[in-house]
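Listing of final-v2.txt; format and content: compact mmCIF, C-alpha atoms and all ligand atoms.
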# COMPACT_ATOMS: atom_id res chain seq x y z
CA MET K 1 174.72 78.53 -80.71
CA SER K 2 176.99 80.89 -82.61
CA PRO K 3 177.25 84.55 -81.50
CA ASP K 4 175.41 85.53 -84.70
CA TRP K 5 172.43 83.47 -83.71
CA LEU K 6 172.52 84.76 -80.19
CA LEU K 7 172.57 88.29 -81.51
CA LEU K 8 169.68 87.57 -83.83
CA LEU K 9 167.75 86.02 -80.99
CA ARG K 10 168.32 89.06 -78.77
CA ILE K 11 167.32 91.42 -81.53
CA THR K 12 164.19 89.42 -82.21
CA ARG K 13 163.32 89.50 -78.52
CA LEU K 14 163.95 93.22 -78.40
CA ALA K 15 161.69 93.72 -81.41
CA THR K 16 158.95 91.49 -79.93
CA ILE K 17 159.03 93.15 -76.55
CA THR K 18 159.05 96.60 -78.10
CA SER K 19 156.15 95.67 -80.31
CA ASP K 20 154.20 94.10 -77.41
CA LEU K 21 154.78 97.11 -75.18
CA SER K 22 153.80 99.52 -77.96
CA ARG K 23 150.58 97.61 -78.57
CA SER K 24 149.75 97.45 -74.90
CA ILE K 25 150.11 101.19 -74.28
CA TYR K 26 148.18 102.10 -77.37
CA GLN K 27 144.53 103.02 -77.11
CA GLU K 28 142.37 105.03 -79.42
CA GLY K 29 141.74 108.53 -78.10
CA ILE K 30 144.92 108.53 -76.02
CA GLU K 31 148.05 110.10 -77.29
CA SER K 32 150.66 107.39 -77.34
CA SER K 33 154.22 107.40 -78.59
CA LEU K 34 157.46 105.48 -78.74
CA THR K 35 160.71 107.44 -78.71
CA VAL K 36 163.95 105.70 -79.62
CA SER K 37 167.38 107.12 -78.83
CA PHE K 38 170.93 106.00 -78.05
CA GLU K 39 172.89 106.56 -74.90
CA GLU K 40 176.37 105.84 -73.79
CA ARG K 41 177.00 104.43 -70.37
CA LYS K 42 180.52 103.75 -69.23
CA GLY K 43 181.76 103.67 -72.82
CA ILE K 44 179.18 101.12 -73.98
CA PHE K 45 176.29 102.10 -76.15
CA GLY K 46 172.72 101.31 -75.39
CA LEU K 47 169.25 101.81 -76.72
CA VAL K 48 166.76 103.99 -74.86
CA LEU K 49 163.08 103.32 -75.50
CA ILE K 50 160.42 105.61 -74.06
CA PHE K 51 156.86 104.33 -74.24
CA GLN K 52 154.10 106.75 -73.45
CA GLY K 53 150.37 105.93 -73.39
CA LYS K 54 147.81 104.07 -71.33
CA LYS K 55 148.88 101.87 -68.41
CA THR K 56 150.31 98.63 -69.70
CA ASP K 57 148.64 95.31 -68.96
CA LEU K 58 151.77 93.34 -69.85
CA ASN K 59 153.78 91.27 -67.42
CA VAL K 60 156.17 94.01 -66.32
CA LYS K 61 158.42 91.57 -64.43
CA GLN K 62 159.38 89.80 -67.66
CA THR K 63 159.92 93.06 -69.46
CA GLU K 64 162.06 94.23 -66.57
CA LEU K 65 164.23 91.11 -66.81
CA PHE K 66 164.93 91.70 -70.43
CA PHE K 67 166.03 95.33 -70.18
CA ASP K 68 169.09 96.44 -68.31
CA ASN K 69 167.11 99.20 -66.70
CA LEU K 70 163.40 99.90 -66.60
CA GLN K 71 161.55 102.79 -65.00
CA ILE K 72 157.79 103.02 -64.88
CA MET K 73 156.36 106.43 -64.19
CA SER K 74 152.83 107.76 -63.98
CA THR K 75 152.23 111.08 -65.65
CA LYS K 76 149.91 113.78 -64.35
CA ASP K 77 147.08 112.95 -66.75
CA GLY K 78 146.84 109.35 -65.45
CA LEU K 79 148.88 107.94 -68.32
CA GLN K 80 152.10 106.00 -68.10
CA LYS K 81 155.63 106.56 -69.22
CA ILE K 82 158.07 103.67 -69.40
CA ARG K 83 161.76 104.28 -69.91
CA ALA K 84 163.67 101.17 -70.94
CA PHE K 85 167.42 100.92 -71.42
CA LYS K 86 169.22 98.05 -73.13
CA TYR K 87 172.91 97.70 -73.83
CA ILE K 88 173.55 96.95 -77.43
CA PRO K 89 174.76 93.40 -77.34
CA ASP K 90 177.34 93.91 -80.10
CA PRO K 91 180.75 94.89 -78.64
CA GLU K 92 181.97 95.95 -82.11
CA PHE K 93 179.25 98.53 -82.36
CA LYS K 94 180.41 102.09 -82.85
CA LEU K 95 178.01 104.96 -82.81
CA THR K 96 178.33 107.39 -85.70
CA GLU K 97 176.03 110.24 -86.69
CA GLU K 98 175.42 108.56 -90.01
CA PHE K 99 174.34 105.33 -88.35
CA VAL K 100 172.02 107.19 -86.00
CA ASP K 101 170.26 108.99 -88.84
CA MET K 102 169.93 105.81 -90.90
CA GLU K 103 168.65 103.70 -88.03
CA LYS K 104 166.27 106.43 -86.95
CA GLU K 105 164.65 106.45 -90.38
CA ARG K 106 164.50 102.68 -90.53
CA LEU K 107 163.12 102.18 -87.02
CA ILE K 108 160.43 104.79 -87.45
CA ARG K 109 159.36 103.18 -90.72
CA LEU K 110 159.70 99.65 -89.46
CA SER K 111 158.03 100.08 -86.15
CA ARG K 112 155.06 101.92 -87.67
CA GLU K 113 154.51 99.23 -90.23
CA GLU K 114 155.11 96.50 -87.69
CA LEU K 115 152.98 98.13 -85.07
CA PHE K 116 150.08 98.49 -87.43
CA ASN K 117 150.25 94.92 -88.68
CA GLU K 118 150.87 93.50 -85.27
CA VAL K 119 148.06 95.42 -83.66
CA LYS K 120 145.75 94.41 -86.46
CA ARG K 121 146.72 90.75 -86.20
CA LYS K 122 146.54 90.69 -82.41
CA ASN K 123 143.22 92.49 -82.52
CA GLU K 124 141.80 89.89 -84.86
CA GLU K 125 143.14 87.14 -82.65
CA LEU K 126 141.68 88.82 -79.64
CA LEU K 127 138.31 89.28 -81.33
CA LYS K 128 138.32 85.61 -82.28
CA ILE K 129 139.12 84.58 -78.74
CA LEU K 130 136.50 86.95 -77.40
CA ASP K 131 133.94 85.52 -79.79
CA GLU K 132 134.80 81.95 -78.74
CA ARG K 133 134.64 82.93 -75.08
CA LYS K 134 131.27 84.57 -75.67
CA LYS K 135 129.93 81.45 -77.36
CA MET K 136 131.26 79.28 -74.57
CA TRP K 137 129.75 81.59 -71.98
CA GLU K 138 126.39 81.43 -73.76
CA LYS K 139 126.57 77.66 -73.87
CA LEU K 140 127.41 77.59 -70.17
CA GLN K 141 124.53 79.93 -69.45
CA ASP K 142 122.21 77.65 -71.43
CA ALA K 143 123.41 74.59 -69.54
CA HIS K 144 123.04 76.45 -66.27
CA ARG K 145 119.52 77.52 -67.16
CA SER K 146 118.40 74.02 -68.12
CA LEU K 147 120.01 72.61 -64.98
CA LYS K 148 118.10 75.13 -62.92
CA MET K 149 114.87 74.19 -64.68
CA GLU K 150 115.59 70.49 -64.11
CA LYS K 151 116.22 71.16 -60.43
CA ILE K 152 112.96 73.05 -60.08
CA LYS K 153 111.14 70.18 -61.79
CA ILE K 154 112.79 67.56 -59.58
CA ASP K 155 112.14 69.61 -56.45
CA ARG K 156 108.50 69.89 -57.42
CA LYS K 157 108.31 66.15 -58.10
CA VAL K 158 109.97 65.30 -54.77
CA ARG K 159 107.62 67.63 -52.94
CA ARG K 160 104.60 66.07 -54.65
CA ARG K 161 105.82 62.53 -53.93
CA THR K 162 106.53 63.37 -50.31
CA GLN K 163 103.03 64.76 -49.97
CA GLN K 164 101.58 61.65 -51.60
CA PHE K 165 103.59 59.37 -49.30
CA GLN K 166 102.60 61.38 -46.29
CA LYS K 167 98.94 61.20 -47.29
CA ALA K 168 99.13 57.46 -47.98
CA LYS K 169 100.89 56.91 -44.66
CA GLU K 170 98.29 58.89 -42.78
CA GLU K 171 95.50 57.03 -44.56
CA ALA K 172 97.10 53.69 -43.76
CA GLU K 173 97.54 54.68 -40.13
CA ARG K 174 93.93 55.85 -39.93
CA ALA K 175 92.72 52.61 -41.54
CA ASN K 176 94.80 50.60 -39.11
CA GLN K 177 93.42 52.56 -36.20
CA MET K 178 89.87 52.07 -37.48
CA LYS K 179 90.56 48.36 -37.81
CA SER K 180 91.79 48.18 -34.22
CA ILE K 181 88.83 50.16 -32.89
CA PHE K 182 86.44 48.07 -34.94
CA LEU K 183 87.97 44.80 -33.78
CA ALA K 184 88.11 45.86 -30.16
CA SER K 185 84.47 46.91 -30.07
CA MET K 186 83.27 44.02 -32.20
CA SER K 187 85.09 41.52 -30.10
CA HIS K 188 83.34 42.78 -27.01
CA GLU K 189 79.96 42.96 -28.75
CA LEU K 190 80.40 39.49 -30.20
CA ARG K 191 82.13 37.69 -27.40
CA THR K 192 79.49 38.35 -24.78
CA PRO K 193 76.53 36.88 -26.69
CA LEU K 194 78.74 34.12 -28.11
CA ASN K 195 79.75 33.03 -24.66
CA SER K 196 76.07 32.88 -23.70
CA ILE K 197 75.28 30.77 -26.75
CA ILE K 198 78.15 28.40 -25.96
CA GLY K 199 77.17 28.22 -22.30
CA PHE K 200 73.47 27.64 -22.85
CA THR K 201 73.97 25.22 -25.74
CA GLY K 202 76.37 23.27 -23.54
CA ILE K 203 73.81 23.06 -20.76
CA VAL K 204 71.05 21.94 -23.12
CA LEU K 205 73.41 19.40 -24.70
CA GLN K 206 74.20 17.93 -21.33
CA GLY K 207 70.46 17.29 -20.83
CA PHE K 208 69.89 19.76 -18.07
CA ALA K 209 66.91 21.21 -19.96
CA GLY K 210 65.32 17.86 -20.64
CA GLU K 211 65.94 14.86 -22.87
CA LEU K 212 67.02 15.52 -26.47
CA ASN K 213 66.36 13.22 -29.36
CA ASP K 214 69.22 12.25 -31.69
CA GLU K 215 68.35 14.81 -34.36
CA GLN K 216 68.07 17.65 -31.82
CA LYS K 217 71.38 16.61 -30.28
CA LYS K 218 73.07 16.56 -33.70
CA GLN K 219 71.77 19.99 -34.66
CA LEU K 220 72.68 21.48 -31.32
CA GLU K 221 76.16 20.01 -31.42
CA MET K 222 76.64 21.73 -34.76
CA SER K 223 75.65 25.11 -33.40
CA TYR K 224 77.84 24.50 -30.35
CA GLY K 225 80.84 23.73 -32.60
CA SER K 226 80.17 26.72 -34.86
CA ALA K 227 79.90 29.11 -31.93
CA LYS K 228 83.20 27.82 -30.47
CA HIS K 229 84.87 28.18 -33.84
CA LEU K 230 83.60 31.73 -34.18
CA LEU K 231 84.84 32.60 -30.71
CA SER K 232 88.35 31.31 -31.40
CA LEU K 233 88.39 33.23 -34.70
CA ILE K 234 87.43 36.44 -32.91
CA ASN K 235 90.00 35.85 -30.17
CA ASP K 236 92.79 35.22 -32.68
CA LEU K 237 91.84 38.24 -34.76
CA LEU K 238 91.80 40.45 -31.72
CA ASP K 239 95.24 39.27 -30.60
CA ILE K 240 96.69 39.80 -34.06
CA SER K 241 95.25 43.26 -34.30
CA LYS K 242 96.64 44.15 -30.86
CA ILE K 243 100.13 42.97 -31.84
CA GLU K 244 100.01 44.71 -35.20
CA SER K 245 98.92 48.01 -33.72
CA GLY K 246 101.55 47.77 -30.99
CA GLU K 247 98.80 47.83 -28.41
CA LEU K 248 99.78 44.54 -26.80
CA LYS K 249 102.22 44.92 -23.91
CA PRO K 250 104.01 41.87 -22.52
CA ASP K 251 103.20 40.85 -18.99
CA ILE K 252 106.59 39.58 -17.82
CA GLU K 253 106.89 37.27 -14.85
CA GLU K 254 109.09 34.39 -13.74
CA PHE K 255 107.57 30.96 -14.33
CA ASN K 256 108.54 27.36 -14.83
CA ILE K 257 108.43 26.21 -18.42
CA ALA K 258 107.84 22.55 -17.40
CA GLU K 259 104.75 23.60 -15.45
CA ALA K 260 103.44 25.51 -18.45
CA GLY K 261 103.91 22.30 -20.44
CA ILE K 262 101.91 20.29 -17.95
CA LYS K 263 99.06 22.75 -18.19
CA ILE K 264 98.93 22.39 -21.97
CA ARG K 265 99.20 18.60 -21.73
CA ASP K 266 96.25 18.49 -19.36
CA SER K 267 94.08 20.62 -21.59
CA LEU K 268 94.85 18.51 -24.68
CA LYS K 269 94.96 15.08 -23.06
CA ILE K 270 91.37 14.26 -24.02
CA MET K 271 91.98 15.17 -27.66
CA ALA K 272 95.04 12.89 -27.78
CA GLU K 273 93.17 10.05 -26.11
CA GLU K 274 90.22 10.37 -28.48
CA LYS K 275 92.60 10.05 -31.43
CA GLU K 276 94.62 7.36 -29.68
CA LEU K 277 97.80 9.39 -30.01
CA GLU K 278 100.71 9.30 -27.64
CA LEU K 279 101.34 12.75 -26.14
CA VAL K 280 104.80 13.08 -24.60
CA PHE K 281 106.19 16.12 -22.82
CA ASN K 282 109.89 16.30 -22.15
CA ILE K 283 110.49 19.74 -20.73
CA PRO K 284 113.24 20.39 -18.15
CA ASN K 285 112.58 22.40 -15.02
CA ILE K 286 113.73 25.79 -16.16
CA ASN K 287 112.50 29.13 -14.91
CA ILE K 288 112.12 31.78 -17.54
CA PHE K 289 111.15 35.46 -17.49
CA SER K 290 108.52 36.01 -20.12
CA ASP K 291 104.80 36.48 -20.73
CA LYS K 292 103.36 33.25 -19.29
CA ARG K 293 99.94 33.54 -20.88
CA ARG K 294 101.44 34.15 -24.35
CA VAL K 295 104.02 31.35 -24.04
CA GLU K 296 101.20 28.95 -23.12
CA GLN K 297 99.19 30.25 -26.08
CA ILE K 298 102.11 29.52 -28.47
CA LEU K 299 102.56 26.04 -27.06
CA LEU K 300 98.82 25.33 -27.13
CA ASN K 301 98.54 26.38 -30.78
CA LEU K 302 101.47 24.21 -31.88
CA VAL K 303 100.52 21.09 -29.87
CA ASN K 304 96.89 21.51 -30.91
CA ASN K 305 97.94 21.62 -34.57
CA ALA K 306 100.23 18.61 -34.10
CA LEU K 307 97.35 16.56 -32.65
CA LYS K 308 94.89 17.88 -35.20
CA PHE K 309 97.01 16.98 -38.21
CA THR K 310 98.17 13.56 -36.92
CA GLU K 311 96.16 10.36 -37.26
CA LYS K 312 98.67 7.81 -36.02
CA GLY K 313 101.71 7.78 -33.80
CA LYS K 314 102.71 10.45 -31.34
CA VAL K 315 103.17 14.08 -30.57
CA GLU K 316 106.29 14.95 -28.66
CA VAL K 317 107.25 18.21 -26.98
CA LYS K 318 110.91 18.71 -26.06
CA ALA K 319 112.79 21.68 -24.68
CA HIS K 320 116.47 22.58 -24.28
CA LYS K 321 118.37 25.43 -22.87
CA ARG K 322 120.61 26.99 -25.50
CA ASP K 323 122.87 29.79 -24.20
CA GLU K 324 120.54 32.57 -23.17
CA ASN K 325 117.57 30.98 -24.89
CA ILE K 326 115.12 28.18 -24.51
CA GLU K 327 114.35 26.06 -27.55
CA VAL K 328 111.03 24.24 -27.69
CA MET K 329 110.28 21.57 -30.29
CA VAL K 330 106.82 20.21 -31.13
CA LYS K 331 107.16 17.08 -33.20
CA ASP K 332 104.41 14.98 -34.75
CA THR K 333 104.10 11.88 -36.94
CA GLY K 334 101.19 13.31 -38.92
CA ILE K 335 100.22 14.31 -42.45
CA GLY K 336 103.27 16.48 -42.95
CA ILE K 337 103.61 19.47 -45.21
CA LYS K 338 104.76 19.64 -48.82
CA LYS K 339 107.98 21.61 -49.43
CA GLU K 340 106.26 24.10 -51.75
CA ASP K 341 103.90 25.07 -48.92
CA PHE K 342 106.59 25.85 -46.31
CA ARG K 343 106.74 29.52 -47.18
CA LYS K 344 103.02 30.29 -47.09
CA LEU K 345 102.37 28.40 -43.86
CA PHE K 346 102.88 31.35 -41.54
CA GLN K 347 100.65 33.68 -43.55
CA PRO K 348 97.10 34.48 -42.36
CA PHE K 349 94.13 32.38 -43.48
CA VAL K 350 96.26 29.64 -45.01
CA GLN K 351 94.86 26.13 -44.71
CA LEU K 352 96.40 23.45 -46.88
CA GLU K 353 93.78 21.48 -48.82
CA TYR K 354 95.35 18.08 -48.07
CA THR K 355 95.19 18.70 -44.32
CA ILE K 356 91.47 19.46 -44.11
CA THR K 357 90.10 17.70 -41.04
CA GLU K 358 86.70 17.34 -39.43
CA GLU K 359 87.53 20.03 -36.95
CA ALA K 360 87.16 23.40 -38.65
CA GLY K 361 90.16 25.71 -38.45
CA THR K 362 90.68 29.40 -39.11
CA GLY K 363 94.10 29.46 -40.70
CA LEU K 364 95.07 32.13 -38.20
CA GLY K 365 96.74 29.95 -35.57
CA LEU K 366 100.23 29.78 -37.06
CA TYR K 367 100.19 33.41 -38.12
CA LEU K 368 99.26 34.45 -34.61
CA THR K 369 101.84 32.04 -33.15
CA LYS K 370 104.61 33.53 -35.28
CA ASN K 371 103.54 37.04 -34.26
CA LEU K 372 103.48 36.05 -30.59
CA VAL K 373 106.94 34.48 -30.77
CA GLN K 374 108.35 37.61 -32.39
CA PHE K 375 106.47 39.73 -29.88
CA LEU K 376 108.42 37.90 -27.16
CA LYS K 377 111.68 38.54 -29.07
CA GLY K 378 111.99 35.00 -30.34
CA SER K 379 111.86 33.15 -33.64
CA ILE K 380 110.07 30.17 -35.08
CA GLN K 381 110.78 27.70 -37.86
CA MET K 382 109.47 24.41 -39.18
CA GLU K 383 110.65 21.25 -40.81
CA SER K 384 108.44 18.66 -42.37
CA GLU K 385 108.35 15.65 -44.60
CA TYR K 386 105.10 15.15 -46.44
CA GLY K 387 103.42 11.96 -45.23
CA LYS K 388 105.81 11.52 -42.30
CA GLY K 389 105.34 14.39 -39.90
CA SER K 390 106.33 17.90 -38.96
CA THR K 391 108.44 19.63 -36.36
CA PHE K 392 107.82 23.21 -35.27
CA THR K 393 110.63 24.78 -33.24
CA PHE K 394 110.50 28.11 -31.46
CA ILE K 395 113.24 29.86 -29.56
CA LEU K 396 112.64 32.44 -26.82
CA PRO K 397 115.06 34.38 -24.66
CA ILE K 398 115.10 32.99 -21.11
CA GLU K 399 114.94 36.57 -19.93
CA TYR K 400 112.72 38.80 -22.00
CA GLY K 401 114.53 42.10 -22.34
CA GLY K 402 117.52 40.66 -20.47
N1 LIG P 501 101.55 20.02 -37.46
C1 LIG P 501 101.06 20.22 -38.67
N2 LIG P 501 101.05 19.25 -39.60
C2 LIG P 501 100.56 19.46 -40.83
N3 LIG P 501 100.04 20.62 -41.25
C3 LIG P 501 100.02 21.63 -40.38
C4 LIG P 501 100.52 21.51 -39.06
N4 LIG P 501 100.37 22.69 -38.44
C5 LIG P 501 99.80 23.51 -39.33
N5 LIG P 501 99.58 22.90 -40.51
C6 LIG P 501 99.01 23.47 -41.73
O1 LIG P 501 99.02 24.87 -41.61
C7 LIG P 501 97.72 25.43 -41.72
C8 LIG P 501 97.62 26.63 -40.85
O2 LIG P 501 97.65 26.30 -39.49
P1 LIG P 501 96.88 27.21 -38.49
O3 LIG P 501 97.28 28.60 -38.79
O4 LIG P 501 97.09 26.71 -37.12
O5 LIG P 501 95.39 27.08 -38.96
P2 LIG P 501 94.27 26.03 -38.52
O6 LIG P 501 94.83 25.19 -37.43
O7 LIG P 501 93.17 26.91 -38.08
O8 LIG P 501 93.95 25.29 -39.78
C9 LIG P 501 96.82 24.30 -41.31
O9 LIG P 501 95.54 24.47 -41.85
C10 LIG P 501 97.54 23.13 -41.92
O10 LIG P 501 97.27 23.08 -43.30
MG MG P 502 95.75 25.80 -35.74
Would it be possible to restate this file's structure as structure tokens?
Amino acid sequence: MSPDWLLLLRITRLATITSDLSRSIYQEGIESSLTVSFEERKGIFGLVLIFQGKKTDLNVKQTELFFDNLQIMSTKDGLQKIRAFKYIPDPEFKLTEEFVDMEKERLIRLSREELFNEVKRKNEELLKILDERKKMWEKLQDAHRSLKMEKIKIDRKVRRRTQQFQKAKEEAERANQMKSIFLASMSHELRTPLNSIIGFTGIVLQGFAGELNDEQKKQLEMSYGSAKHLLSLINDLLDISKIESGELKPDIEEFNIAEAGIKIRDSLKIMAEEKELELVFNIPNINIFSDKRRVEQILLNLVNNALKFTEKGKVEVKAHKRDENIEVMVKDTGIGIKKEDFRKLFQPFVQLEYTITEEAGTGLGLYLTKNLVQFLKGSIQMESEYGKGSTFTFILPIEYGG
């Protein structure tokens, strides 16, 4: 950059800073002024600028850097006086009276004109910026307001939903409680007379109350069968309701799983013999800690089903120890189950139409069995091939809660 350019640049900066400072100290209603004079310091001339007016909001640090000396003073009336000194960057410069007069005239004229235009321009710019800011602020306020409204709406919705859920939950709990109370009382009310009916019908059927003719026997056998069916339905329903309501508590004891198997085999031996089915139990002598009555109930349900839905062949019960669990398999060579029915099998009141037998069922056995297995912290699954047979496998921990 040539010295001429440098000089021009410095002069331009001086003019800009002077103009900026003048604008910043100026305020309507406050007497403000700019005094320009020359001064000689150590044989070099410099320019002295005195700004007087309101406190400046300019970056004083930058202004300070530009001048060779800057003093900021507060006057008594709360106004500000800034004295700035700048060496004239032209070493050739010589100060003459003529030059001073000429420059004085020019500067006064120039700076007034400049000041006016500059202030006007900057004011317009400022007004534009202010206007934009105002619009932006209004937009922000609008957005804020609608957000607030949205939040209120959502809060209200959430509150309403929570109340609805709470109400539905309470209603469901009450209904469940009512169901349990109803089932518990009904089971008692129903079981007592039902047991009498079964008992007395049995006695009459056995001929203890005198000879029966064939027709009487047939009719009585039907009522005997219906009463037994009703009793097992009530018992199953009661168990399910107890599990579902969390009322059932496990009665844990140590027992031998092989012995439990023998008990089931003995109670179902007659059924197997009547159907000419082979009933095989292959259970190792393992002691487990669980609810004996419920384990026997699971086994009875599964072996009973296997015998019920098998016309030819055998029913086999096998057990293995697997890590901390015992795995029990009940396998039959019966009707089998179609693949599409696998999923619905463990749901309540499901009886597949192709398995209908003479002996009436309830469709609750497998549902109860699954619930009992889970109640004892185990799991159950089935495999089957339609027309060939089915295998039901349940797994229980050897130590419940262990
Ligand atoms: N071993 C099996 N072989 C074939 N079908 C079976 C077997 N076990 C259960 N099922 C089918 O599952 C249905 C539900 O069984 P379950 O709940 O014990 O009811 P129920 O024995 O009262 O009919 C049965 O009706 C039958 O259709
Ligand atoms: Mg059954």
| field | 12 Å shell around ligand MG 502 (chain P) using all atoms listed in the file, listed as a PyMOL selection string | value | chain K and resi 229+232-233+236+297-309+345-346+348-352+355-357+359-370
Let me have the centre and edge lengths of the axis-aligned box enclosing all listed atoms of range 206-216 of chain K with 8 Å padding on every side, in Å to one decimal, as JSON.
{"center_x": 69.8, "center_y": 16.7, "center_z": -26.2, "size_x": 24.9, "size_y": 25.0, "size_z": 32.3}
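Using only C-alpha atoms and all ligand atoms for every distance, the candidate list K:Arg159, K:Lys314, K:Lys148, K:Arg294 yields K:Lys314 as the residue closest to ligand LIG 501 (chain P).
Proximity to ligand LIG 501 (chain P) was assessed for K:Asn235, K:Gln374, K:Thr310, K:Thr393 counting all atoms listed in the file; the smallest distance is recorded for K:Thr310.
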| query | Hey, can you pull every residue with an atom no more than 12 Å from (153.2, 92.9, -68.5), using all atoms listed in the file, and send it as a count of residues only? | reply | 22
| task | Starting from the point (76.8, 27.3, -25.1), work out which residues of protein, DNA or RNA have an atom no more than 12 Å away when counting all atoms listed in the file; state them as a ChimeraX atom specification. | result | /K:191-206,220-229,231
| task | Find the residue from K:Ile154, K:Leu238, K:Glu28, K:Thr12 that sits nearest to Leu190 in chain K; use all atoms listed in the file when measuring. | result | K:Leu238
| task | Might you pull out every residue within 10 Å of Tyr400 in chain K, with only C-alpha atoms counted and same-chain residues fewer than 5 positions away left off, and present them as a list in words? | result | Pro250, Ile252, Glu253, Ile288, Phe289, Ser290, Asp291, Asn325, Leu376, Lys377 and Gly378 of chain K
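Every protein or nucleic acid residue with an atom no more than 7 Å from range 178-184 of chain K, counting all atoms listed in the file and leaving out same-chain residues fewer than 4 positions away, appears here: Arg174, His188, Leu238 and Ser241 of chain K.
For the choices K:Leu79, K:Ile264, K:Val373, K:Val295, the atom-to-atom distance to Gly53 in chain K is smallest for K:Leu79 when using only C-alpha atoms.
Considering the residues K:Asp155, K:Asp341, K:Glu254, K:Glu273 and counting all atoms listed in the file, ligand LIG 501 (chain P) has its shortest atom-to-atom contact with K:Asp341.
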| Separation of CA of Ile50 in chain K from CA of Phe67 in chain K in Å | 12.3 Å
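As for CA of Lys81 in chain K and CA of Thr35 in chain K, they are spaced 10.8 Å apart.
Taking CA of Val315 in chain K and CA of Leu279 in chain K as the two end points, the separation is 5.0 Å.
Of the listed residues K:Arg322, K:Gly334, K:Leu237, K:Ile243, the one whose atoms come nearest to Glu278 in chain K is K:Gly334, with distances taken using only C-alpha atoms.
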| message | List the spatial neighbours of Ala260 in chain K as a list in words - criterion: any atom at most 9 Å away, only C-alpha atoms, same-chain residues fewer than 3 positions off excluded. | response | Phe255, Asn256, Ile257, Lys263, Ile264, Arg265, Lys292, Val295, Glu296 and Leu299 of chain K
